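Colleague: Please read through the structure below; I'll follow up with questions.
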Amino acid sequence: MEDNRKAKHSLSENSLEEILKNNDGENKMQQERRSEIVSKWMEGTGPEAEIVISSRIRLARNIRKMPFPPLASDEQREKILQTAKDVLRNSRLEESGFGIMDISVLSPVFRQVLVEKHLISPLLSRENRFSALMLRKDEIISIMVNEEDHFRIQCLLPGLQLEKAWQEASRYDDILESHLDYAFDEEKGYLTACPTNVGTGLRASVMLHLPALAITQQINRILSAVSQVGLAVRGLYGEGTEMTGNLFQISNQITLGQSEEEILQNLYGVTSQLINQEKSAREHLLNEGREKLGDRAGRAYGILKNAWMLSSREAMQFLSDVRLGVDLGLLKGVPLKILNELLVLIRPGCLQYLKDKNLGPYERDLERAIQIQKCLP
Amino acid sequence: MLCEKCGKNIASVHVTKIINGKKTELYLCENCAGEKGELGFSFEGKFPLHQFFSNLMSFPGSGSGKVASTSYSGLQCPGCGLTYAQFGQIGRFGCDRCYDSFGENLLPLLRRLHGNQKHIGKIPARVGSHVRLKKDIERLREELQKKVAEEAFEEAAVLRDKIRKLENKISSGGENHGG
Ligand SMILES: [Zn+2]
Ligand SMILES: [Zn+2]
């Protein structure tokens, strides 16, 4: 592979080849860090993995008679954190591969990496007062301590696996509950800091790649229909982030008065419809002009493989085009796994973590192109 | 905890300053920390949810009668000290007891957020058994009163001991009534 690239770029001095060569010195650290960034949910497996990148379940839980983290004093937050550590020790969590990280001791860049990997929220990444992440080795289960709620249990799986993710999250919920006295009310359910989470405390979401609906200009109409049935639509990085790379996160908004099963059924039903619509849009595009799609994917691949600089937005769009080409068999030899991993690897935090230094926007665009060049087969 | 400057918003920024060799610590909200220039960086998009809440909660006083306003803003949670007005501003409860403290005032908000007011779904196992215990105690109490009325004091004493045992079971499970 290395030789291939060299043959391709017979450019003059200070060429991309040179830049890549200079990078070789750091390869060992970068390789290690790259494998740290890569996570199970990016593996491109599971049902409907072509369209559904990942499924996520999050449960908000609190302890009785303890102020919620936003209003808790340092002493109270410390007590919650200590409780979390006790649970880790007293339950079998430690043996089953769980570790705990104090957020306050992590570097800003590493916190950003955790956000970009979807393991912690931006809110938790800014917490310096007795907040922590409990993480299972495979990173499928993560528990945020002292975020907005005392505990937030998350299960993140590749593909469309909402039911399985719920069962896993619920299992860890049961384990925590056997050691803790949850704030629960027979009328209002699990009591949470924010009234938008009260009841089940459940937020279920799927990450979808819907390029054909975007190309055929149906996406806005369809997404507004989705939001009318009580589901929220967001970009790859949640609240307020722009929707790039034709990636959309769909999640439930109602948590009170619907059972977990109903919430999951509803989200699953809408997701299935979106998958079907996307598939028929792809079919339509193939019939209209298979060559045009192949050309689009090939050009995108060419740019990703040869560009010296790539903005995040561009990179996301080209990765989307390549992915569609791969899904439709028009482009061969690019595994979904790598396309998923690149979605994360090219984020600002990950790029800076890989380089082990702060990078400005200009340097990030350079480094992004280099990383894509290295990873894309 | 609430911002030590404005006392309105949730403090999310911890500022430590050393002035004349004396360390002062401040907990500020994002607004106040920004104003004071305590931070070299700006925060990502502020969450407008609190505004959304105050709109939903439609505090009286903005046009309607002032009498209701005092009873509204006078509400305070004994668990964490948060007032109903503060809840409207920050859009977050301070503790689990806030739900009881603000009681029926919350119902319109919950209905508008969820279309429902009553939880259906998972119940913690401990609460499940707790509910059973409570029902057992209720039943025994009724029996006890009957025995007392019948002046069957020995049997009543046995029942009383049983009730105590069950009540102890509840409190050792972490439950603690009336607190
Ligand atoms: Zn303030
Ligand atoms: Zn309270």
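Residues in the structure tokens are numbered from 1 in each chain, the chains being A, B, ... in the order shown, and ligands are numbered from 1 in the order shown.
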If you run DSSP on the backbone, which residues of segment 116-171 of chain A are strand (DSSP E), as JSON, numbers by chain?
Modeller: {"A": [132, 133, 134, 135, 136, 141, 142, 143, 144, 145, 151, 152, 153, 154, 155, 156, 157, 158]}
Colleague: Compile the contact shell of Leu114 of chain A as a PyMOL selection string: residues with an atom at most 9 Å away, counting only C-alpha atoms, same-chain residues fewer than 4 positions apart removed.
Modeller: chain A and resi 37+109-110+118-121+125+349-350
Colleague: Those residues with N, CA and C atoms, as an mmCIF file, in the first residue's frame please?
Modeller:
```cif
data_model
loop_
_atom_site.group_PDB
_atom_site.id
_atom_site.type_symbol
_atom_site.label_atom_id
_atom_site.label_comp_id
_atom_site.auth_asym_id
_atom_site.auth_seq_id
_atom_site.Cartn_x
_atom_site.Cartn_y
_atom_site.Cartn_z
ATOM 1 N N ILE A 37 -8.944 5.483 19.141
ATOM 2 C CA ILE A 37 -10.103 6.252 18.679
ATOM 3 C C ILE A 37 -11.171 5.328 18.108
ATOM 4 N N VAL A 109 -8.003 17.984 24.971
ATOM 5 C CA VAL A 109 -8.070 17.293 23.674
ATOM 6 C C VAL A 109 -8.651 15.884 23.839
ATOM 7 N N PHE A 110 -8.228 15.188 24.887
ATOM 8 C CA PHE A 110 -8.748 13.841 25.077
ATOM 9 C C PHE A 110 -10.241 13.859 25.411
ATOM 10 N N HIS A 118 -18.572 9.800 20.768
ATOM 11 C CA HIS A 118 -19.935 9.660 21.294
ATOM 12 C C HIS A 118 -19.979 8.928 22.635
ATOM 13 N N LEU A 119 -18.891 8.982 23.381
ATOM 14 C CA LEU A 119 -18.889 8.305 24.682
ATOM 15 C C LEU A 119 -19.290 9.232 25.817
ATOM 16 N N ILE A 120 -19.034 10.522 25.658
ATOM 17 C CA ILE A 120 -19.520 11.486 26.655
ATOM 18 C C ILE A 120 -20.166 12.659 25.928
ATOM 19 N N SER A 121 -20.929 13.444 26.684
ATOM 20 C CA SER A 121 -21.594 14.601 26.104
ATOM 21 C C SER A 121 -20.665 15.811 26.196
ATOM 22 N N SER A 125 -17.854 16.924 29.174
ATOM 23 C CA SER A 125 -16.451 17.226 28.821
ATOM 24 C C SER A 125 -15.998 18.552 29.436
ATOM 25 N N GLY A 349 -10.816 17.231 17.452
ATOM 26 C CA GLY A 349 -10.188 16.664 18.644
ATOM 27 C C GLY A 349 -9.316 15.468 18.297
ATOM 28 N N CYS A 350 -9.846 14.574 17.472
ATOM 29 C CA CYS A 350 -9.093 13.373 17.096
ATOM 30 C C CYS A 350 -7.838 13.739 16.312
#
```
Colleague: Name each residue within 8 Å of ligand 1, counting only C-alpha atoms and all ligand atoms, as a list of chain:residue names.
Modeller: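 What falls inside 8 Å of ligand 1 is B:Leu2, B:Cys3, B:Glu4, B:Lys5, B:Cys6, B:Gly7, B:Lys8, B:Asn9, B:Ile10, B:Ala11, B:Leu28, B:Cys29, B:Glu30, B:Asn31, B:Cys32, B:Ala33.
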Colleague: Selection from above, C-alpha atoms, as a PDB file, in the first residue's frame, can you write it?
Modeller:
```pdb
ATOM      1  CA  LEU B   2     -26.463  28.505  41.366  1.00  0.00           C
ATOM      2  CA  CYS B   3     -24.217  31.235  40.031  1.00  0.00           C
ATOM      3  CA  GLU B   4     -22.618  33.209  42.843  1.00  0.00           C
ATOM      4  CA  LYS B   5     -22.887  36.448  40.942  1.00  0.00           C
ATOM      5  CA  CYS B   6     -26.405  36.572  39.543  1.00  0.00           C
ATOM      6  CA  GLY B   7     -27.949  33.771  41.584  1.00  0.00           C
ATOM      7  CA  LYS B   8     -30.202  32.966  38.652  1.00  0.00           C
ATOM      8  CA  ASN B   9     -28.433  30.508  36.394  1.00  0.00           C
ATOM      9  CA  ILE B  10     -26.710  27.225  37.042  1.00  0.00           C
ATOM     10  CA  ALA B  11     -23.038  27.700  37.796  1.00  0.00           C
ATOM     11  CA  LEU B  28     -20.309  31.380  37.927  1.00  0.00           C
ATOM     12  CA  CYS B  29     -22.792  30.758  35.180  1.00  0.00           C
ATOM     13  CA  GLU B  30     -21.624  30.947  31.577  1.00  0.00           C
ATOM     14  CA  ASN B  31     -23.088  34.427  31.200  1.00  0.00           C
ATOM     15  CA  CYS B  32     -21.397  35.928  34.204  1.00  0.00           C
ATOM     16  CA  ALA B  33     -18.115  34.156  33.570  1.00  0.00           C
TER      17      ALA B  33
END
```
Colleague: Quick one: residues within 7 Å of segment 118-131 of chain B, only C-alpha atoms counted, chain neighbours fewer than 5 positions away excluded, as a ChimeraX atom specification?
Modeller: /A:187-189,199-200,256-260 /B:170
Colleague: What residues have any atom no more than 9 Å from ligand 2 when counting only C-alpha atoms and all ligand atoms, and can you list them as an NGL selection string?
Modeller: (:A and (65-68)) or (:B and (76-83 or 93-102))
Colleague: What does the distance between atom CA of Val226 of chain A and atom CA of Ser272 of chain A come to in Å, to one decimal place?
Modeller: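 Taking atom CA of Val226 of chain A and atom CA of Ser272 of chain A, their separation equals 12.0 Å.
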Colleague: List every residue of segment 217-262 of chain A that DSSP, applied to the backbone of this structure, places in alpha helix (DSSP H), and write the result as a PyMOL selection string.
Modeller: chain A and resi 219-228+260-262
Colleague: Could you name the residues that touch Tyr353 of chain A at 12 Å or less, counting only C-alpha atoms, but leaving out those on the same chain fewer than 4 positions away, as an mmCIF file with all heavy atoms, in the first residue's frame?
Modeller:
```
data_model
loop_
_atom_site.group_PDB
_atom_site.id
_atom_site.type_symbol
_atom_site.label_atom_id
_atom_site.label_comp_id
_atom_site.auth_asym_id
_atom_site.auth_seq_id
_atom_site.Cartn_x
_atom_site.Cartn_y
_atom_site.Cartn_z
ATOM 1 N N MET A 29 3.114 6.013 17.515
ATOM 2 C CA MET A 29 2.173 6.686 18.413
ATOM 3 C C MET A 29 0.828 6.885 17.721
ATOM 4 O O MET A 29 -0.218 6.651 18.294
ATOM 5 C CB MET A 29 2.734 8.036 18.844
ATOM 6 C CG MET A 29 1.812 8.763 19.794
ATOM 7 S SD MET A 29 2.140 10.542 19.857
ATOM 8 C CE MET A 29 1.548 11.059 18.264
ATOM 9 N N GLN A 30 0.908 7.312 16.447
ATOM 10 C CA GLN A 30 -0.345 7.550 15.726
ATOM 11 C C GLN A 30 -1.157 6.284 15.572
ATOM 12 O O GLN A 30 -2.371 6.300 15.716
ATOM 13 C CB GLN A 30 -0.048 8.134 14.349
ATOM 14 C CG GLN A 30 0.107 9.632 14.408
ATOM 15 C CD GLN A 30 -0.159 10.290 13.072
ATOM 16 O OE1 GLN A 30 -0.679 9.668 12.142
ATOM 17 N NE2 GLN A 30 0.190 11.549 12.972
ATOM 18 N N GLN A 31 -0.439 5.183 15.282
ATOM 19 C CA GLN A 31 -1.167 3.923 15.125
ATOM 20 C C GLN A 31 -1.865 3.546 16.423
ATOM 21 O O GLN A 31 -3.020 3.134 16.422
ATOM 22 C CB GLN A 31 -0.210 2.814 14.701
ATOM 23 C CG GLN A 31 -0.051 2.726 13.188
ATOM 24 C CD GLN A 31 1.158 1.904 12.786
ATOM 25 O OE1 GLN A 31 1.719 1.183 13.612
ATOM 26 N NE2 GLN A 31 1.552 2.013 11.539
ATOM 27 N N GLU A 32 -1.135 3.711 17.521
ATOM 28 C CA GLU A 32 -1.729 3.384 18.816
ATOM 29 C C GLU A 32 -2.939 4.269 19.091
ATOM 30 O O GLU A 32 -3.986 3.805 19.505
ATOM 31 C CB GLU A 32 -0.695 3.582 19.932
ATOM 32 C CG GLU A 32 0.206 2.375 20.112
ATOM 33 C CD GLU A 32 1.365 2.688 21.049
ATOM 34 O OE1 GLU A 32 1.278 3.676 21.822
ATOM 35 O OE2 GLU A 32 2.346 1.938 20.999
ATOM 36 N N ARG A 33 -2.748 5.552 18.823
ATOM 37 C CA ARG A 33 -3.845 6.481 19.105
ATOM 38 C C ARG A 33 -5.029 6.255 18.180
ATOM 39 O O ARG A 33 -6.174 6.403 18.582
ATOM 40 C CB ARG A 33 -3.342 7.917 19.018
ATOM 41 C CG ARG A 33 -2.344 8.209 20.116
ATOM 42 C CD ARG A 33 -2.171 9.675 20.355
ATOM 43 N NE ARG A 33 -1.518 9.849 21.656
ATOM 44 C CZ ARG A 33 -1.281 11.013 22.219
ATOM 45 N NH1 ARG A 33 -1.652 12.126 21.615
ATOM 46 N NH2 ARG A 33 -0.706 11.088 23.385
ATOM 47 N N ARG A 34 -4.712 5.887 16.932
ATOM 48 C CA ARG A 34 -5.807 5.625 16.002
ATOM 49 C C ARG A 34 -6.636 4.438 16.504
ATOM 50 O O ARG A 34 -7.854 4.462 16.475
ATOM 51 C CB ARG A 34 -5.260 5.363 14.590
ATOM 52 C CG ARG A 34 -6.267 5.707 13.514
ATOM 53 C CD ARG A 34 -5.692 5.541 12.126
ATOM 54 N NE ARG A 34 -4.702 6.558 11.804
ATOM 55 C CZ ARG A 34 -3.440 6.302 11.495
ATOM 56 N NH1 ARG A 34 -2.998 5.054 11.433
ATOM 57 N NH2 ARG A 34 -2.609 7.274 11.221
ATOM 58 N N SER A 35 -5.954 3.429 17.011
ATOM 59 C CA SER A 35 -6.707 2.263 17.492
ATOM 60 C C SER A 35 -7.442 2.602 18.791
ATOM 61 O O SER A 35 -8.451 1.981 19.114
ATOM 62 C CB SER A 35 -5.796 1.053 17.667
ATOM 63 O OG SER A 35 -4.881 1.285 18.703
ATOM 64 N N GLU A 36 -6.973 3.609 19.514
ATOM 65 C CA GLU A 36 -7.725 4.080 20.687
ATOM 66 C C GLU A 36 -9.015 4.779 20.261
ATOM 67 O O GLU A 36 -10.023 4.720 20.941
ATOM 68 C CB GLU A 36 -6.891 5.105 21.470
ATOM 69 C CG GLU A 36 -6.099 4.564 22.623
ATOM 70 C CD GLU A 36 -5.351 5.703 23.295
ATOM 71 O OE1 GLU A 36 -6.005 6.520 23.966
ATOM 72 O OE2 GLU A 36 -4.120 5.793 23.116
ATOM 73 N N ILE A 37 -8.944 5.483 19.141
ATOM 74 C CA ILE A 37 -10.103 6.252 18.679
ATOM 75 C C ILE A 37 -11.171 5.328 18.108
ATOM 76 O O ILE A 37 -12.366 5.515 18.324
ATOM 77 C CB ILE A 37 -9.664 7.300 17.628
ATOM 78 C CG1 ILE A 37 -8.828 8.394 18.303
ATOM 79 C CG2 ILE A 37 -10.872 7.908 16.928
ATOM 80 C CD1 ILE A 37 -8.134 9.338 17.331
ATOM 81 N N SER A 107 -6.942 15.592 29.597
ATOM 82 C CA SER A 107 -6.587 16.801 28.843
ATOM 83 C C SER A 107 -7.799 17.253 28.028
ATOM 84 O O SER A 107 -8.654 16.444 27.681
ATOM 85 C CB SER A 107 -5.430 16.499 27.906
ATOM 86 O OG SER A 107 -5.888 15.686 26.832
ATOM 87 N N PRO A 108 -7.871 18.558 27.720
ATOM 88 C CA PRO A 108 -8.991 19.058 26.920
ATOM 89 C C PRO A 108 -9.131 18.307 25.598
ATOM 90 O O PRO A 108 -10.245 18.013 25.170
ATOM 91 C CB PRO A 108 -8.629 20.526 26.674
ATOM 92 C CG PRO A 108 -7.711 20.895 27.786
ATOM 93 C CD PRO A 108 -6.962 19.643 28.145
ATOM 94 N N VAL A 109 -8.003 17.984 24.971
ATOM 95 C CA VAL A 109 -8.070 17.293 23.674
ATOM 96 C C VAL A 109 -8.651 15.884 23.839
ATOM 97 O O VAL A 109 -9.489 15.455 23.054
ATOM 98 C CB VAL A 109 -6.680 17.235 22.998
ATOM 99 C CG1 VAL A 109 -6.676 16.243 21.840
ATOM 100 C CG2 VAL A 109 -6.294 18.616 22.491
ATOM 101 N N PHE A 110 -8.228 15.188 24.887
ATOM 102 C CA PHE A 110 -8.748 13.841 25.077
ATOM 103 C C PHE A 110 -10.241 13.859 25.411
ATOM 104 O O PHE A 110 -11.008 12.997 24.971
ATOM 105 C CB PHE A 110 -7.970 13.087 26.160
ATOM 106 C CG PHE A 110 -8.263 11.612 26.136
ATOM 107 C CD1 PHE A 110 -7.812 10.822 25.094
ATOM 108 C CD2 PHE A 110 -9.027 11.024 27.135
ATOM 109 C CE1 PHE A 110 -8.099 9.465 25.049
ATOM 110 C CE2 PHE A 110 -9.335 9.671 27.097
ATOM 111 C CZ PHE A 110 -8.862 8.890 26.049
ATOM 112 N N ARG A 111 -10.661 14.864 26.169
ATOM 113 C CA ARG A 111 -12.102 15.004 26.435
ATOM 114 C C ARG A 111 -12.860 15.171 25.121
ATOM 115 O O ARG A 111 -13.924 14.591 24.920
ATOM 116 C CB ARG A 111 -12.364 16.226 27.312
ATOM 117 C CG ARG A 111 -11.733 16.139 28.680
ATOM 118 C CD ARG A 111 -12.113 17.362 29.470
ATOM 119 N NE ARG A 111 -11.262 17.528 30.635
ATOM 120 C CZ ARG A 111 -11.525 18.364 31.635
ATOM 121 N NH1 ARG A 111 -12.619 19.091 31.595
ATOM 122 N NH2 ARG A 111 -10.717 18.472 32.659
ATOM 123 N N GLN A 112 -12.272 15.988 24.233
ATOM 124 C CA GLN A 112 -12.899 16.221 22.937
ATOM 125 C C GLN A 112 -12.980 14.916 22.138
ATOM 126 O O GLN A 112 -13.983 14.636 21.489
ATOM 127 C CB GLN A 112 -12.087 17.289 22.185
ATOM 128 C CG GLN A 112 -12.701 17.782 20.894
ATOM 129 C CD GLN A 112 -14.068 18.418 21.108
ATOM 130 O OE1 GLN A 112 -14.316 18.984 22.166
ATOM 131 N NE2 GLN A 112 -14.942 18.294 20.127
ATOM 132 N N VAL A 113 -11.931 14.107 22.240
ATOM 133 C CA VAL A 113 -11.931 12.807 21.562
ATOM 134 C C VAL A 113 -13.101 11.957 22.068
ATOM 135 O O VAL A 113 -13.823 11.340 21.281
ATOM 136 C CB VAL A 113 -10.582 12.069 21.774
ATOM 137 C CG1 VAL A 113 -10.664 10.620 21.317
ATOM 138 C CG2 VAL A 113 -9.466 12.789 21.017
ATOM 139 N N LEU A 114 -13.302 11.950 23.376
ATOM 140 C CA LEU A 114 -14.402 11.159 23.949
ATOM 141 C C LEU A 114 -15.758 11.648 23.451
ATOM 142 O O LEU A 114 -16.670 10.856 23.223
ATOM 143 C CB LEU A 114 -14.351 11.197 25.474
ATOM 144 C CG LEU A 114 -13.154 10.490 26.123
ATOM 145 C CD1 LEU A 114 -13.176 10.700 27.631
ATOM 146 C CD2 LEU A 114 -13.157 9.002 25.800
ATOM 147 N N GLU A 116 -16.230 13.143 20.531
ATOM 148 C CA GLU A 116 -16.308 12.788 19.114
ATOM 149 C C GLU A 116 -16.572 11.296 18.920
ATOM 150 O O GLU A 116 -17.172 10.886 17.934
ATOM 151 C CB GLU A 116 -15.012 13.225 18.403
ATOM 152 C CG GLU A 116 -14.920 14.750 18.338
ATOM 153 C CD GLU A 116 -13.563 15.289 17.916
ATOM 154 O OE1 GLU A 116 -12.620 14.481 17.750
ATOM 155 O OE2 GLU A 116 -13.446 16.512 17.757
ATOM 156 N N VAL A 344 -15.110 9.885 12.446
ATOM 157 C CA VAL A 344 -14.648 10.328 13.763
ATOM 158 C C VAL A 344 -13.198 10.816 13.714
ATOM 159 O O VAL A 344 -12.860 11.856 14.268
ATOM 160 C CB VAL A 344 -14.821 9.193 14.792
ATOM 161 C CG1 VAL A 344 -14.316 9.625 16.159
ATOM 162 C CG2 VAL A 344 -16.287 8.783 14.875
ATOM 163 N N LEU A 345 -12.363 10.036 13.004
ATOM 164 C CA LEU A 345 -10.928 10.380 12.938
ATOM 165 C C LEU A 345 -10.653 11.780 12.411
ATOM 166 O O LEU A 345 -9.653 12.397 12.758
ATOM 167 C CB LEU A 345 -10.202 9.364 12.040
ATOM 168 C CG LEU A 345 -9.820 8.040 12.683
ATOM 169 C CD1 LEU A 345 -9.400 7.041 11.604
ATOM 170 C CD2 LEU A 345 -8.671 8.231 13.664
ATOM 171 N N ILE A 346 -11.537 12.293 11.558
ATOM 172 C CA ILE A 346 -11.272 13.594 10.940
ATOM 173 C C ILE A 346 -11.834 14.764 11.747
ATOM 174 O O ILE A 346 -11.779 15.906 11.316
ATOM 175 C CB ILE A 346 -11.827 13.671 9.493
ATOM 176 C CG1 ILE A 346 -13.352 13.495 9.502
ATOM 177 C CG2 ILE A 346 -11.169 12.619 8.615
ATOM 178 C CD1 ILE A 346 -13.995 13.828 8.160
ATOM 179 N N ARG A 347 -12.370 14.469 12.951
ATOM 180 C CA ARG A 347 -12.868 15.575 13.794
ATOM 181 C C ARG A 347 -11.675 16.315 14.427
ATOM 182 O O ARG A 347 -10.611 15.711 14.633
ATOM 183 C CB ARG A 347 -13.777 15.046 14.904
ATOM 184 C CG ARG A 347 -14.904 14.127 14.458
ATOM 185 C CD ARG A 347 -15.829 14.757 13.473
ATOM 186 N NE ARG A 347 -16.441 15.983 13.980
ATOM 187 C CZ ARG A 347 -17.264 16.736 13.268
ATOM 188 N NH1 ARG A 347 -17.561 16.422 12.041
ATOM 189 N NH2 ARG A 347 -17.793 17.818 13.794
ATOM 190 N N PRO A 348 -11.886 17.579 14.763
ATOM 191 C CA PRO A 348 -10.772 18.387 15.289
ATOM 192 C C PRO A 348 -10.057 17.762 16.491
ATOM 193 O O PRO A 348 -8.825 17.747 16.530
ATOM 194 C CB PRO A 348 -11.448 19.695 15.700
ATOM 195 C CG PRO A 348 -12.691 19.768 14.880
ATOM 196 C CD PRO A 348 -13.118 18.360 14.602
ATOM 197 N N GLY A 349 -10.816 17.231 17.452
ATOM 198 C CA GLY A 349 -10.188 16.664 18.644
ATOM 199 C C GLY A 349 -9.316 15.468 18.297
ATOM 200 O O GLY A 349 -8.182 15.355 18.759
ATOM 201 N N LYS A 357 -0.638 17.558 19.314
ATOM 202 C CA LYS A 357 -0.435 18.993 19.523
ATOM 203 C C LYS A 357 -1.659 19.774 19.049
ATOM 204 O O LYS A 357 -2.483 19.250 18.300
ATOM 205 C CB LYS A 357 0.825 19.473 18.809
ATOM 206 C CG LYS A 357 0.767 19.408 17.300
ATOM 207 C CD LYS A 357 2.043 20.021 16.709
ATOM 208 C CE LYS A 357 1.956 20.136 15.213
ATOM 209 N NZ LYS A 357 3.248 20.349 14.571
ATOM 210 N N ASN A 358 -1.732 21.020 19.492
ATOM 211 C CA ASN A 358 -2.847 21.860 19.064
ATOM 212 C C ASN A 358 -2.687 22.243 17.604
ATOM 213 O O ASN A 358 -1.593 22.574 17.166
ATOM 214 C CB ASN A 358 -2.914 23.126 19.908
ATOM 215 C CG ASN A 358 -3.341 22.819 21.322
ATOM 216 O OD1 ASN A 358 -4.073 21.854 21.559
ATOM 217 N ND2 ASN A 358 -2.877 23.614 22.268
ATOM 218 N N LEU A 359 -3.777 22.172 16.867
ATOM 219 C CA LEU A 359 -3.747 22.517 15.454
ATOM 220 C C LEU A 359 -4.791 23.595 15.179
ATOM 221 O O LEU A 359 -5.928 23.493 15.630
ATOM 222 C CB LEU A 359 -4.075 21.287 14.590
ATOM 223 C CG LEU A 359 -3.197 20.029 14.742
ATOM 224 C CD1 LEU A 359 -3.793 18.884 13.938
ATOM 225 C CD2 LEU A 359 -1.778 20.315 14.293
ATOM 226 N N ARG A 364 -5.409 21.789 10.601
ATOM 227 C CA ARG A 364 -6.361 20.664 10.700
ATOM 228 C C ARG A 364 -6.798 20.203 9.310
ATOM 229 O O ARG A 364 -6.919 19.009 9.059
ATOM 230 C CB ARG A 364 -7.597 21.072 11.518
ATOM 231 C CG ARG A 364 -7.323 21.217 12.996
ATOM 232 C CD ARG A 364 -8.580 20.993 13.800
ATOM 233 N NE ARG A 364 -9.619 21.984 13.543
ATOM 234 C CZ ARG A 364 -9.762 23.114 14.227
ATOM 235 N NH1 ARG A 364 -8.939 23.403 15.206
ATOM 236 N NH2 ARG A 364 -10.734 23.954 13.944
ATOM 237 N N GLU A 367 -3.988 18.127 8.006
ATOM 238 C CA GLU A 367 -3.887 16.854 8.718
ATOM 239 C C GLU A 367 -5.062 15.936 8.370
ATOM 240 O O GLU A 367 -4.914 14.715 8.269
ATOM 241 C CB GLU A 367 -3.829 17.130 10.231
ATOM 242 C CG GLU A 367 -3.468 15.927 11.074
ATOM 243 C CD GLU A 367 -2.148 15.285 10.689
ATOM 244 O OE1 GLU A 367 -1.258 15.992 10.174
ATOM 245 O OE2 GLU A 367 -2.015 14.057 10.871
#
```
Colleague: Between B:Leu159, B:Ile137, B:Leu75, B:Leu106, which residue has the minimum interatomic distance to chain A, considering only C-alpha atoms?
Modeller: B:Leu106
Colleague: Got a sec: who's within 8 Å of Arg203 of chain A, counting only C-alpha atoms, leaving out chain neighbours fewer than 6 positions off, as a VMD selection string?
Modeller: chain A and resid 57 to 59 197 251 to 253 255
